[in-house]
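What's in input12.cif: mmCIF, C-alpha atoms
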```cif
data_protein
#
loop_
_atom_site.label_atom_id
_atom_site.label_comp_id
_atom_site.auth_asym_id
_atom_site.auth_seq_id
_atom_site.Cartn_x
_atom_site.Cartn_y
_atom_site.Cartn_z
CA MET A 36 -32.04 -14.70 -41.12
CA SER A 37 -28.83 -16.69 -41.52
CA GLU A 38 -27.81 -18.89 -38.67
CA ILE A 39 -24.76 -17.88 -36.65
CA LYS A 40 -21.96 -20.40 -37.07
CA LYS A 41 -21.06 -21.99 -33.74
CA GLY A 42 -17.85 -20.66 -32.20
CA THR A 43 -14.84 -22.87 -31.44
CA PRO A 44 -12.91 -21.16 -28.64
CA LYS A 45 -9.42 -22.41 -27.89
CA ARG A 46 -8.74 -23.78 -24.42
CA GLY A 47 -5.73 -22.30 -22.64
CA ILE A 48 -4.26 -21.45 -19.24
CA SER A 49 -2.91 -18.26 -17.73
CA VAL A 50 0.51 -18.70 -16.17
CA TYR A 51 -0.88 -16.39 -13.46
CA SER A 52 -2.69 -19.48 -12.11
CA TYR A 53 0.72 -20.71 -10.94
CA CYS A 54 1.68 -17.43 -9.21
CA ARG A 55 2.15 -19.09 -5.81
CA LEU A 56 4.33 -21.84 -7.21
CA LEU A 57 6.36 -20.24 -10.01
CA GLY A 58 9.71 -19.26 -8.61
CA TYR A 59 9.04 -21.15 -5.37
CA THR A 60 8.72 -24.78 -6.43
CA MET A 61 8.12 -24.62 -10.17
CA THR A 62 10.04 -23.22 -13.11
CA LEU A 63 8.50 -21.90 -16.30
CA ASP A 64 9.44 -25.22 -17.92
CA ASP A 65 7.44 -27.04 -15.24
CA VAL A 66 4.49 -24.71 -15.85
CA PHE A 67 4.48 -25.35 -19.59
CA GLU A 68 4.56 -29.09 -19.01
CA ASP A 69 1.68 -28.84 -16.55
CA MET A 70 -0.39 -26.69 -18.90
CA TYR A 71 0.14 -29.24 -21.66
CA ASP A 72 -0.95 -32.10 -19.43
CA ALA A 73 -4.06 -30.17 -18.40
CA GLY A 74 -5.12 -30.03 -22.04
CA ALA A 75 -4.31 -26.42 -22.85
CA THR A 76 -3.38 -25.42 -26.39
CA CYS A 77 -2.67 -21.75 -25.69
CA PHE A 78 -1.50 -19.62 -22.77
CA GLU A 79 -1.35 -16.19 -21.21
CA LEU A 80 1.97 -14.90 -19.94
CA LEU A 81 2.26 -11.85 -17.72
CA ALA A 82 5.04 -9.42 -18.62
CA ASN A 83 6.87 -10.23 -15.40
CA HIS A 84 7.06 -13.90 -16.38
CA ILE A 85 9.49 -12.84 -19.07
CA GLU A 86 12.93 -13.32 -17.59
CA ASN A 87 14.75 -9.99 -17.25
CA TYR A 88 11.67 -8.07 -18.41
CA PRO A 89 11.61 -5.80 -20.30
CA ASN A 90 14.90 -6.98 -21.85
CA PRO A 91 14.85 -10.75 -22.24
CA SER A 92 18.02 -12.37 -23.53
CA THR A 93 18.07 -14.08 -26.90
CA GLN A 94 18.77 -17.33 -25.06
CA TRP A 95 15.56 -16.94 -23.07
CA ILE A 96 13.58 -16.05 -26.18
CA ASP A 97 14.90 -19.14 -27.95
CA HIS A 98 14.02 -21.27 -24.96
CA TYR A 99 10.54 -19.74 -24.79
CA PHE A 100 9.84 -20.70 -28.42
CA HIS A 101 11.32 -24.13 -27.73
CA LEU A 102 8.74 -24.56 -24.93
CA CYS A 103 5.91 -23.40 -27.20
CA GLU A 104 6.96 -25.92 -29.84
CA LYS A 105 7.65 -28.80 -27.46
CA TYR A 106 4.26 -28.47 -25.76
CA HIS A 107 2.25 -27.46 -28.85
CA MET A 108 1.27 -24.21 -27.18
CA GLN A 109 0.17 -21.02 -28.94
CA PRO A 110 0.76 -17.60 -27.34
CA ALA A 111 -2.70 -16.19 -26.59
CA GLU A 112 -2.32 -13.07 -24.47
CA MET A 113 0.38 -11.09 -22.68
CA GLY A 114 -0.66 -9.29 -19.53
CA HIS A 115 0.80 -5.83 -19.06
CA TRP A 116 0.07 -2.57 -17.29
CA ALA A 117 -0.52 0.86 -18.85
CA GLU A 118 1.12 2.61 -15.90
CA THR A 119 0.64 6.34 -15.57
CA HIS A 120 1.99 6.84 -12.03
CA LEU A 121 5.24 4.91 -11.87
CA HIS A 122 6.94 7.76 -10.04
CA ARG A 123 5.96 9.71 -6.96
CA GLY A 124 4.49 13.06 -7.83
CA PRO A 125 2.43 14.00 -10.86
CA ARG A 126 1.23 11.70 -13.60
CA MET A 127 3.85 10.66 -16.12
CA SER A 128 3.99 12.57 -19.39
CA ASP A 129 2.20 11.19 -22.43
CA GLU A 130 5.61 10.51 -24.00
CA GLN A 131 6.77 8.45 -21.02
CA ILE A 132 3.55 6.44 -20.87
CA LEU A 133 3.50 5.83 -24.61
CA ALA A 134 7.16 4.76 -24.69
CA ASN A 135 6.42 2.05 -22.13
CA LEU A 136 3.37 0.87 -24.05
CA ILE A 137 5.31 0.69 -27.32
CA ARG A 138 8.03 -1.29 -25.56
CA ASP A 139 5.42 -3.84 -24.45
CA PHE A 140 3.79 -3.94 -27.90
CA LYS A 141 7.16 -4.79 -29.46
CA LEU A 142 7.79 -7.46 -26.87
CA ALA A 143 4.35 -9.01 -27.35
CA ASN A 144 4.81 -9.01 -31.11
CA LEU A 145 8.24 -10.60 -30.77
CA LEU A 146 6.85 -13.38 -28.57
CA GLY A 147 3.91 -14.11 -30.86
CA PHE A 148 1.04 -12.56 -28.92
CA LYS A 149 -1.94 -10.99 -30.68
CA SER A 150 -3.81 -10.01 -27.51
CA LEU A 151 -2.70 -7.90 -24.60
CA ARG A 152 -4.52 -7.78 -21.26
CA THR A 153 -3.96 -4.05 -20.79
CA LYS A 154 -4.55 -2.75 -17.29
CA ILE A 155 -5.61 0.84 -17.79
CA THR A 156 -4.98 3.03 -14.74
CA CYS A 157 -8.17 3.31 -12.75
CA ILE A 158 -9.55 5.34 -9.87
CA ASN A 159 -11.54 2.87 -7.79
CA GLU A 160 -12.20 -0.84 -7.11
CA TYR A 161 -14.61 -0.97 -10.05
CA CYS A 162 -11.74 -0.03 -12.37
CA ASP A 163 -13.39 3.11 -13.68
CA PRO A 164 -10.54 4.56 -15.76
CA GLU A 165 -8.58 7.73 -15.20
CA PRO A 166 -10.19 10.62 -17.11
CA GLU A 167 -7.33 10.78 -19.63
CA TRP A 168 -7.75 7.16 -20.78
CA GLU A 169 -9.26 7.95 -24.13
CA HIS A 170 -6.49 10.36 -25.08
CA LEU A 171 -3.88 7.80 -24.05
CA MET A 172 -5.50 4.99 -26.03
CA GLU A 173 -5.76 7.25 -29.09
CA LEU A 174 -2.01 7.85 -28.86
CA ALA A 175 -1.33 4.14 -28.47
CA LEU A 176 -3.69 2.82 -31.12
CA PRO A 177 -1.47 3.41 -34.20
CA TYR A 178 1.31 1.48 -32.48
CA ALA A 179 -0.98 -1.34 -31.45
CA GLU A 180 -2.01 -1.61 -35.09
CA LYS A 181 1.60 -1.47 -36.25
CA TYR A 182 2.62 -4.31 -33.92
CA ASP A 183 -0.66 -6.14 -34.51
CA VAL A 184 -1.72 -6.45 -30.89
CA ALA A 185 -5.15 -5.82 -29.42
CA MET A 186 -5.28 -3.90 -26.14
CA LEU A 187 -7.99 -5.66 -24.13
CA SER A 188 -9.10 -4.00 -20.93
CA GLU A 189 -10.20 -6.58 -18.40
CA CYS A 190 -13.73 -6.53 -17.00
CA HIS A 191 -12.99 -8.09 -13.61
CA ALA A 192 -15.25 -8.53 -10.59
CA PRO A 193 -16.58 -6.54 -8.86
CA THR A 194 -17.06 -4.68 -12.15
CA LYS A 195 -20.18 -5.68 -14.07
CA LEU A 196 -20.32 -5.86 -17.85
CA THR A 197 -23.00 -3.17 -17.69
CA ARG A 198 -20.74 -0.65 -15.98
CA GLN A 199 -20.63 2.67 -17.86
CA HIS A 200 -16.92 2.49 -18.67
CA ILE A 201 -17.43 -0.83 -20.49
CA TYR A 202 -19.89 0.89 -22.83
CA ASP A 203 -17.40 3.75 -23.20
CA TYR A 204 -14.70 1.26 -24.25
CA LEU A 205 -16.96 -0.33 -26.87
CA GLU A 206 -17.85 3.11 -28.15
CA PHE A 207 -14.15 3.93 -28.44
CA ALA A 208 -13.53 0.80 -30.51
CA ASP A 209 -16.49 1.63 -32.76
CA LYS A 210 -15.48 5.27 -33.11
CA HIS A 211 -12.01 4.27 -34.28
CA GLN A 212 -13.25 1.24 -36.22
CA THR A 213 -10.49 -0.79 -34.68
CA LYS A 214 -9.94 -4.40 -33.74
CA HIS A 215 -6.94 -3.35 -31.66
CA PHE A 216 -8.88 -2.27 -28.62
CA GLY A 217 -11.48 -4.26 -26.73
CA ILE A 218 -12.40 -6.20 -23.64
CA ASN A 219 -11.12 -9.29 -21.86
CA VAL A 220 -14.08 -10.68 -19.92
CA ASP A 221 -12.96 -12.25 -16.68
CA PHE A 222 -15.61 -14.82 -15.78
CA GLY A 223 -15.38 -13.77 -12.16
CA THR A 224 -17.79 -11.02 -13.14
CA PHE A 225 -20.48 -13.74 -13.35
CA GLN A 226 -19.74 -15.23 -9.94
CA ASN A 227 -23.04 -15.58 -8.06
CA GLN A 228 -22.22 -18.18 -5.42
CA TRP A 229 -19.90 -18.04 -2.42
CA PRO A 230 -20.16 -21.49 -0.83
CA GLU A 231 -19.25 -21.61 2.83
CA ASP A 232 -17.00 -24.62 2.31
CA ILE A 233 -14.85 -22.54 -0.06
CA TYR A 234 -15.01 -19.08 1.52
CA SER A 235 -14.42 -18.55 5.21
CA PRO A 236 -16.41 -15.82 7.06
CA GLU A 237 -13.21 -13.74 7.25
CA GLU A 238 -12.58 -14.10 3.51
CA MET A 239 -16.18 -13.14 2.75
CA GLU A 240 -15.92 -10.09 4.98
CA ARG A 241 -12.78 -9.02 3.15
CA ARG A 242 -14.40 -9.56 -0.24
CA ARG A 243 -17.58 -7.70 0.70
CA SER A 244 -15.48 -4.71 1.74
CA ARG A 245 -14.06 -4.74 -1.80
CA GLY A 246 -17.49 -4.82 -3.47
CA TYR A 247 -17.79 -8.57 -4.03
CA GLY A 248 -20.80 -10.71 -3.17
CA LYS A 249 -23.30 -7.93 -2.64
CA PRO A 250 -26.78 -8.47 -4.11
CA ASP A 251 -26.96 -7.56 -7.79
CA SER A 252 -23.19 -7.10 -7.92
CA TRP A 253 -22.51 -9.64 -10.65
CA SER A 254 -23.03 -9.76 -14.41
CA GLN A 255 -25.71 -11.93 -15.98
CA PRO A 256 -24.49 -14.44 -18.57
CA GLU A 257 -26.44 -12.66 -21.34
CA ASP A 258 -24.48 -9.48 -20.65
CA ILE A 259 -21.51 -11.00 -22.50
CA ILE A 260 -23.27 -11.16 -25.87
CA PRO A 261 -22.69 -7.54 -27.01
CA ILE A 262 -19.09 -7.73 -25.79
CA LEU A 263 -18.09 -10.77 -27.85
CA PRO A 264 -17.19 -8.96 -31.10
CA TYR A 265 -14.72 -6.85 -29.09
CA SER A 266 -13.03 -9.70 -27.28
CA LYS A 267 -10.25 -11.95 -28.57
CA THR A 268 -9.28 -13.48 -25.25
CA CYS A 269 -11.22 -14.07 -22.04
CA HIS A 270 -10.08 -15.13 -18.60
CA ALA A 271 -11.92 -18.35 -17.78
CA LYS A 272 -11.75 -17.51 -14.08
CA PHE A 273 -12.75 -20.31 -11.72
CA ASN A 274 -12.69 -20.81 -7.97
CA TYR A 275 -13.42 -24.50 -7.45
CA VAL A 276 -14.34 -27.35 -9.79
CA ASP A 277 -15.75 -30.33 -7.93
CA GLU A 278 -15.31 -34.05 -8.59
CA ASN A 279 -18.28 -33.98 -10.98
CA PHE A 280 -16.42 -31.36 -13.05
CA GLU A 281 -18.84 -28.61 -12.13
CA GLU A 282 -17.71 -25.15 -11.13
CA ARG A 283 -19.30 -24.24 -7.81
CA THR A 284 -19.33 -20.43 -8.04
CA ILE A 285 -19.86 -19.34 -11.68
CA PRO A 286 -22.63 -20.42 -14.15
CA TYR A 287 -20.11 -21.90 -16.55
CA ALA A 288 -22.35 -23.93 -18.82
CA LYS A 289 -24.63 -20.99 -19.53
CA VAL A 290 -21.79 -18.52 -20.19
CA LEU A 291 -19.81 -20.81 -22.48
CA GLN A 292 -22.88 -21.94 -24.41
CA LEU A 293 -23.87 -18.32 -25.06
CA MET A 294 -20.37 -17.58 -26.33
CA VAL A 295 -20.37 -20.59 -28.64
CA ASP A 296 -23.91 -19.98 -29.88
CA ASN A 297 -22.97 -16.40 -30.74
CA GLY A 298 -20.02 -17.52 -32.82
CA TRP A 299 -17.13 -16.65 -30.48
CA SER A 300 -13.86 -18.42 -31.30
CA GLY A 301 -11.33 -16.56 -29.17
CA ASN A 302 -8.93 -17.79 -26.50
CA LEU A 303 -10.29 -19.04 -23.17
CA VAL A 304 -7.47 -18.99 -20.64
CA SER A 305 -8.11 -20.70 -17.31
CA GLU A 306 -7.35 -18.48 -14.39
CA TYR A 307 -7.58 -20.15 -11.01
CA GLU A 308 -8.10 -17.91 -7.96
CA GLY A 309 -9.55 -20.32 -5.45
CA PRO A 310 -7.91 -21.79 -2.35
CA GLY A 311 -4.87 -24.05 -2.41
CA ARG A 312 -2.84 -22.23 -5.04
CA GLU A 313 0.36 -22.92 -3.13
CA ASP A 314 -0.26 -26.67 -3.35
CA ALA A 315 1.02 -27.91 -6.73
CA ALA A 316 -0.98 -31.14 -6.59
CA PHE A 317 -4.22 -29.38 -5.70
CA LEU A 318 -3.74 -26.65 -8.30
CA GLY A 319 -2.81 -29.17 -10.99
CA ASP A 320 -5.92 -31.16 -10.18
CA GLN A 321 -8.12 -28.05 -10.37
CA LEU A 322 -6.70 -27.00 -13.74
CA ARG A 323 -7.24 -30.47 -15.17
CA ARG A 324 -10.81 -30.57 -13.81
CA HIS A 325 -11.42 -27.14 -15.34
CA HIS A 326 -10.28 -28.27 -18.76
CA ILE A 327 -12.39 -31.41 -18.61
CA LEU A 328 -15.35 -29.19 -17.60
CA MET A 329 -14.77 -26.92 -20.62
CA SER A 330 -14.14 -29.90 -22.89
CA ARG A 331 -17.51 -31.38 -21.96
CA ILE A 332 -19.32 -28.13 -22.69
CA LEU A 333 -17.45 -27.33 -25.89
CA GLY A 334 -17.42 -30.88 -27.21
CA TYR A 335 -13.66 -31.05 -27.76
CA MET B 192 14.05 -20.55 -6.07
CA VAL B 193 13.06 -18.57 -3.00
CA GLU B 194 11.42 -19.44 0.29
CA TYR B 195 7.69 -18.90 0.51
CA SER B 196 7.89 -16.14 3.12
CA ALA B 197 8.58 -12.59 1.92
CA ILE B 198 11.43 -12.37 4.44
CA GLN B 199 13.99 -15.02 3.57
CA GLN B 200 15.96 -16.97 6.12
CA ARG B 201 18.62 -17.75 3.56
CA GLY B 202 20.82 -14.64 3.61
CA PHE B 203 20.06 -13.71 7.23
CA HIS B 204 23.34 -13.14 9.06
CA ASN B 205 25.44 -10.54 10.84
CA THR B 206 27.77 -8.30 8.87
CA CYS B 207 31.24 -6.95 9.60
CA ASP B 208 33.06 -3.75 8.84
CA ALA B 209 36.46 -3.59 7.13
CA LYS B 210 38.19 -4.30 10.47
CA GLY B 211 36.11 -7.41 11.07
CA ASN B 212 33.93 -5.89 13.79
CA LEU B 213 30.22 -6.81 13.77
CA ASP B 214 28.44 -3.73 12.49
CA GLY B 215 24.96 -4.90 11.59
CA PHE B 216 22.97 -7.62 9.91
CA GLU B 217 21.23 -8.29 6.65
CA PHE B 218 18.39 -10.35 5.26
CA ARG B 219 16.76 -10.88 1.89
CA PHE B 220 13.27 -9.83 0.93
CA THR B 221 11.04 -10.63 -2.02
CA PRO B 222 7.42 -9.44 -2.25
CA LYS B 223 4.73 -12.11 -2.34
CA TYR B 224 2.89 -10.11 -4.99
CA TYR B 225 2.13 -12.03 -8.21
CA LYS B 226 4.08 -9.63 -10.42
CA GLY B 227 7.36 -7.80 -10.42
CA LEU B 228 7.56 -4.08 -9.76
CA TRP B 229 9.51 -1.10 -10.98
CA PHE B 230 11.56 0.15 -8.03
CA THR B 231 9.95 3.54 -8.51
CA GLN B 232 6.62 1.91 -7.55
CA CYS B 233 7.97 0.45 -4.34
CA ARG B 234 7.38 1.95 -0.91
CA PHE B 235 9.82 0.62 1.67
CA GLY B 236 9.05 1.03 5.35
CA ASN B 237 10.88 0.49 8.63
CA VAL B 238 12.54 -2.73 9.72
CA THR B 239 11.72 -3.91 13.23
CA VAL B 240 13.72 -6.61 15.01
CA ASP B 241 12.62 -7.79 18.46
CA GLY B 242 10.80 -4.50 18.94
CA GLU B 243 13.75 -2.31 17.93
CA VAL B 244 12.83 -0.04 15.02
CA PHE B 245 15.35 0.74 12.28
CA ASP B 246 14.24 3.78 10.32
CA ARG B 247 13.62 3.17 6.64
CA ASP B 248 15.98 5.96 5.68
CA SER B 249 18.85 4.23 7.49
CA LEU B 250 18.47 1.03 5.45
CA ILE B 251 20.61 0.05 2.47
CA PHE B 252 19.09 -2.05 -0.29
CA GLU B 253 21.29 -4.14 -2.54
CA TYR B 254 19.98 -5.37 -5.88
CA ASP B 255 22.02 -6.98 -8.63
CA GLY B 256 25.25 -6.00 -6.90
CA LEU B 257 24.47 -2.29 -6.45
CA GLU B 258 23.47 -0.54 -3.23
CA TYR B 259 20.76 2.09 -2.86
CA THR B 260 19.11 4.10 -0.15
CA ARG B 261 15.32 4.24 0.03
CA GLU B 262 15.41 7.75 -1.41
CA GLU B 263 17.60 6.67 -4.33
CA LEU B 264 15.24 3.84 -5.22
CA PHE B 265 12.52 6.36 -6.07
CA ASP B 266 14.54 7.22 -9.17
CA VAL B 267 15.99 3.82 -10.09
CA LYS B 268 14.53 2.81 -13.45
CA ILE B 269 15.05 -0.89 -12.94
CA TYR B 270 12.38 -3.60 -12.92
CA TRP B 271 12.56 -5.66 -9.74
CA GLN B 272 12.28 -9.14 -11.24
CA ILE B 273 9.74 -11.38 -9.63
CA ARG B 274 11.09 -13.81 -7.01
CA VAL B 275 14.54 -12.20 -7.10
CA PRO B 276 15.31 -11.06 -3.55
CA ILE B 277 16.69 -7.70 -2.57
CA THR B 278 19.19 -7.66 0.31
CA VAL B 279 18.25 -5.34 3.16
CA LYS B 280 21.28 -4.16 5.11
CA VAL B 281 20.81 -2.79 8.61
CA LYS B 282 23.44 -1.01 10.67
CA LYS B 283 23.62 -2.09 14.31
CA PRO B 284 26.93 -1.99 16.18
CA GLY B 285 27.67 -5.46 17.52
CA GLY B 286 25.11 -7.07 15.24
CA LEU B 287 22.42 -9.39 16.58
CA LYS B 288 22.97 -12.13 19.13
CA LEU B 289 22.92 -15.69 17.86
CA GLY B 290 19.46 -17.10 18.36
CA TYR B 291 15.86 -16.46 17.32
CA HIS B 292 14.74 -13.00 16.26
CA ASP B 293 11.41 -11.55 15.21
CA VAL B 294 12.14 -9.66 12.01
CA SER B 295 9.61 -7.55 10.16
CA MET B 296 9.62 -4.99 7.40
CA ASP B 297 6.83 -2.78 6.13
CA PHE B 298 6.56 -2.82 2.38
CA GLY B 299 3.96 -1.54 -0.04
CA TRP B 300 3.70 -0.53 -3.62
CA VAL B 301 1.76 1.60 -6.03
CA LEU B 302 -0.58 -0.21 -8.38
CA ASN B 303 -2.69 1.26 -11.14
CA TYR B 304 -5.85 -0.83 -10.78
CA ASN B 305 -8.43 -2.16 -8.32
CA GLY B 306 -8.39 0.93 -6.15
CA GLU B 307 -7.83 4.60 -5.66
CA PRO B 308 -4.53 6.22 -6.62
CA GLU B 309 -1.78 6.65 -4.01
CA LYS B 310 -2.76 9.20 -1.39
CA GLU B 311 0.75 10.29 -0.48
CA PHE B 312 1.82 12.29 -3.48
CA ASP B 313 5.42 12.45 -2.22
CA GLY B 314 5.76 8.68 -1.81
CA SER B 315 6.04 8.97 1.96
CA GLY B 316 3.40 6.32 2.65
CA LEU B 317 3.20 2.64 1.82
CA GLY B 318 1.43 3.03 -1.51
CA ASN B 319 -2.05 1.83 -2.39
CA GLY B 320 -1.51 -1.90 -2.93
CA GLY B 321 -1.79 -2.86 0.73
CA HIS B 322 -5.34 -4.17 0.41
CA MET B 323 -4.03 -7.07 -1.69
CA MET B 324 -1.78 -8.73 0.86
CA GLY B 325 -1.06 -6.22 3.59
CA THR B 326 2.08 -4.18 4.11
CA GLU B 327 3.52 -5.92 7.17
CA ASN B 328 5.89 -8.78 6.57
CA SER B 329 7.12 -10.72 9.60
CA ARG B 330 9.12 -13.80 10.27
CA ARG B 331 10.78 -15.42 13.24
CA MET B 332 14.24 -16.51 12.13
CA LEU B 333 17.27 -18.15 13.61
CA LEU B 334 20.56 -16.25 13.33
CA ALA B 335 23.52 -18.59 13.43
CA ARG B 336 26.33 -16.40 12.08
#
```

Show me this structure written as C-alpha cells.
Amino acid sequence: MSEIKKGTPKRGISVYSYCRLLGYTMTLDDVFEDMYDAGATCFELLANHIENYPNPSTQWIDHYFHLCEKYHMQPAEMGHWAETHLHRGPRMSDEQILANLIRDFKLANLLGFKSLRTKITCINEYCDPEPEWEHLMELALPYAEKYDVAMLSECHAPTKLTRQHIYDYLEFADKHQTKHFGINVDFGTFQNQWPEDIYSPEEMERRRSRGYGKPDSWSQPEDIIPILPYSKTCHAKFNYVDENFEERTIPYAKVLQLMVDNGWSGNLVSEYEGPGREDAAFLGDQLRRHHILMSRILGY
Amino acid sequence: MVEYSAIQQRGFHNTCDAKGNLDGFEFRFTPKYYKGLWFTQCRFGNVTVDGEVFDRDSLIFEYDGLEYTREELFDVKIYWQIRVPITVKVKKPGGLKLGYHDVSMDFGWVLNYNGEPEKEFDGSGLGNGGHMMGTENSRRMLLAR
C-alpha cells in the first residue's frame, strides 16, 4: 500500500478574530499588518468586511489587493450566508435566494477566493439544515463551478462531525461528483475542556444551555479523517493558548497531526473566540501564540 | 470609528423643529454583532429614556441621509454596513433636559444559523438572534445640547 504523502496546510487567520476591534480601534489595514506579524500567509474575510458590501468600489478593491500584496497574504475563504428568510413572512423564492448566492460567488471570485464558508439556513442549534437545502445547493452548484468557488458548510460546536447532516453533505458531494461543495471543520467541535480559569460559572451555564460542554457532545479527533477530502479550508478555532504555546481546550496536536498524516494541505485559518477579544494587545498575543503552536506541530 | 457601546454618545443631542423649538432628541446606534445586516433582517424595538417608553412605530431611523419608519425598513433592500451607525430620531416636545439620561433601545435580528427560525412570522418580535448578545441595549449618557 503506498504511503500517504504528508500534508502541508497553510497557516492563516480569519478577520473574524478581530470582530471586537475592527471598526472600533483597528482598520482593515491594521488587521492585515497584525495578521502578517502573527505569521499568517492566508486569511478569511467575512462578506461584511468588504466595504460597501455587496458593491465595493474599485478603489476599495484596488486597496484590498494592495494589502494582499504588501503583506504577502493569499485569500483563503470568504464567509457568507445562504439566507432564505431575509424578509418577514414566507421563505424567499428560489430565484431570490440563488440571485444572492450568485452575487456572492462573483464577489468571491473577483477577490481571489476559492473557498466560501457558506452558512446554510438551519433549524436548530446543531445547524441541521432546512429541508430544502439539497434543492438549493443543486441550483447553486453550476454557478459555484462557473465561478470556481467551493461552498463549505461549517461544522461548528455543538455540532459533532458524526451528526447525520454532515454525512448527508458528504453524500451530496459524492452524488454530484463535485469539489465545489464540502465542509469547513471548525476545531471547536473537538473542544473537550472548559477550564475554570477561562470560563466563568455564568458563561458555562450559558454554553450548556446551547448544547456545549455536555458529556459526549464533542467530536473525536479521528472523526475528521473521512471529512478531509471534502474540506479546503478549516477554522483553527482556539480559546486560549498558554505561555508554553499549548491550547488549553482543544486537542490541537492530535487533530493537526491526523490532518497532516492523511495528506491534508488546505487552509488553516485561526479563529479566536476566547476572552479578551476587545483588548488588541491580548488578542494579538493570542494569535501569535497560536501560530507558534501550529508552527511547532507542522514544522514550518 | 465608533464607540464600543451599541448606543453611541456621539450624536446624542436634542433636536429642533423648523421654528427652532425643541421637538425631540436623537442618538446613534450600531449593533455589536460581528457582521452587518440587511435592514429587512432587523427587528427594532421601543426606545426607553428614564423610564419613558417611546413606541417603536413612532421612531424615525436615518441611514445614509434617508429617513425611514420601522415599517418601511422591512422592505428596504440595503445592507446595513458593519460599524456604521443609524440615527434614531425620537419626538418629544421640549426635548430632554440637559444632564444624565438612561437610554435604551430593544434591537434584534433574524439569523439563519445556530437556532430555530423566527417565531413571529410577521416580524412583530425581536427576531431569533437574541441568544447571541441579548436584545436590550442600554447606556447612561450625558446630554449637553

Pull out every residue that the PyMOL selection byres ((chain B) within 12 of (chain A)) matches in the shown coordinates and put them as a short mmCIF file (atom, residue, chain, number, x, y, z; two decimals) with C-alpha atoms, keeping the file's coordinate frame.
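Just written: expr-v1.cif:
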```cif
data_model
loop_
_atom_site.label_atom_id
_atom_site.label_comp_id
_atom_site.auth_asym_id
_atom_site.auth_seq_id
_atom_site.Cartn_x
_atom_site.Cartn_y
_atom_site.Cartn_z
CA MET B 192 14.05 -20.55 -6.07
CA VAL B 193 13.06 -18.57 -3.00
CA GLU B 194 11.42 -19.44 0.29
CA TYR B 195 7.69 -18.90 0.51
CA SER B 196 7.89 -16.14 3.12
CA ALA B 197 8.58 -12.59 1.92
CA GLN B 199 13.99 -15.02 3.57
CA THR B 221 11.04 -10.63 -2.02
CA PRO B 222 7.42 -9.44 -2.25
CA LYS B 223 4.73 -12.11 -2.34
CA TYR B 224 2.89 -10.11 -4.99
CA TYR B 225 2.13 -12.03 -8.21
CA LYS B 226 4.08 -9.63 -10.42
CA GLY B 227 7.36 -7.80 -10.42
CA LEU B 228 7.56 -4.08 -9.76
CA TRP B 229 9.51 -1.10 -10.98
CA PHE B 230 11.56 0.15 -8.03
CA THR B 231 9.95 3.54 -8.51
CA GLN B 232 6.62 1.91 -7.55
CA CYS B 233 7.97 0.45 -4.34
CA ARG B 234 7.38 1.95 -0.91
CA ASP B 255 22.02 -6.98 -8.63
CA GLU B 262 15.41 7.75 -1.41
CA LEU B 264 15.24 3.84 -5.22
CA PHE B 265 12.52 6.36 -6.07
CA ASP B 266 14.54 7.22 -9.17
CA VAL B 267 15.99 3.82 -10.09
CA LYS B 268 14.53 2.81 -13.45
CA ILE B 269 15.05 -0.89 -12.94
CA TYR B 270 12.38 -3.60 -12.92
CA TRP B 271 12.56 -5.66 -9.74
CA GLN B 272 12.28 -9.14 -11.24
CA ILE B 273 9.74 -11.38 -9.63
CA ARG B 274 11.09 -13.81 -7.01
CA VAL B 275 14.54 -12.20 -7.10
CA PRO B 276 15.31 -11.06 -3.55
CA TRP B 300 3.70 -0.53 -3.62
CA VAL B 301 1.76 1.60 -6.03
CA LEU B 302 -0.58 -0.21 -8.38
CA ASN B 303 -2.69 1.26 -11.14
CA TYR B 304 -5.85 -0.83 -10.78
CA ASN B 305 -8.43 -2.16 -8.32
CA GLY B 306 -8.39 0.93 -6.15
CA GLU B 307 -7.83 4.60 -5.66
CA PRO B 308 -4.53 6.22 -6.62
CA GLU B 309 -1.78 6.65 -4.01
CA LYS B 310 -2.76 9.20 -1.39
CA GLU B 311 0.75 10.29 -0.48
CA PHE B 312 1.82 12.29 -3.48
CA ASP B 313 5.42 12.45 -2.22
CA GLY B 314 5.76 8.68 -1.81
CA SER B 315 6.04 8.97 1.96
CA GLY B 316 3.40 6.32 2.65
CA LEU B 317 3.20 2.64 1.82
CA GLY B 318 1.43 3.03 -1.51
CA ASN B 319 -2.05 1.83 -2.39
CA GLY B 320 -1.51 -1.90 -2.93
CA HIS B 322 -5.34 -4.17 0.41
CA MET B 323 -4.03 -7.07 -1.69
CA MET B 324 -1.78 -8.73 0.86
#
```

Q: Any chance you could resolve the PyMOL selection byres ((chain A and resi 217-224) around 9) against this file and give the residues as a PyMOL selection string?
A: chain A and resi 151-153+185-196+201+204-205+207-208+213-216+225-227+252-255+259+262-274+284-285+287+290+306

**Q.** 10 Å contact set for segment 91-101 of chain A, all atoms listed in the file, chain neighbours under 4 positions out, as a PyMOL selection string
**A.** chain A and resi 63-64+67+85-87+105-110+142+145-147

Q) Just how far from atom CA of Lys210 of chain A is atom CA of Trp168 of chain A, in Å to one decimal? A) 14.7 Å

Please expand the PyMOL selection byres ((chain A and resi 76) around 10) into the concrete residues it hits in this file, giving the result as a tab-separated table (two decimals) with C-alpha atoms, in the coordinates of the input.
```
chain	number	residue	atom	x	y	z
A	45	LYS	CA	-9.42	-22.41	-27.89
A	46	ARG	CA	-8.74	-23.78	-24.42
A	47	GLY	CA	-5.73	-22.30	-22.64
A	48	ILE	CA	-4.26	-21.45	-19.24
A	70	MET	CA	-0.39	-26.69	-18.90
A	71	TYR	CA	0.14	-29.24	-21.66
A	72	ASP	CA	-0.95	-32.10	-19.43
A	73	ALA	CA	-4.06	-30.17	-18.40
A	74	GLY	CA	-5.12	-30.03	-22.04
A	75	ALA	CA	-4.31	-26.42	-22.85
A	77	CYS	CA	-2.67	-21.75	-25.69
A	78	PHE	CA	-1.50	-19.62	-22.77
A	103	CYS	CA	5.91	-23.40	-27.20
A	106	TYR	CA	4.26	-28.47	-25.76
A	107	HIS	CA	2.25	-27.46	-28.85
A	108	MET	CA	1.27	-24.21	-27.18
A	109	GLN	CA	0.17	-21.02	-28.94
A	110	PRO	CA	0.76	-17.60	-27.34
A	111	ALA	CA	-2.70	-16.19	-26.59
A	302	ASN	CA	-8.93	-17.79	-26.50
A	303	LEU	CA	-10.29	-19.04	-23.17
A	304	VAL	CA	-7.47	-18.99	-20.64
```
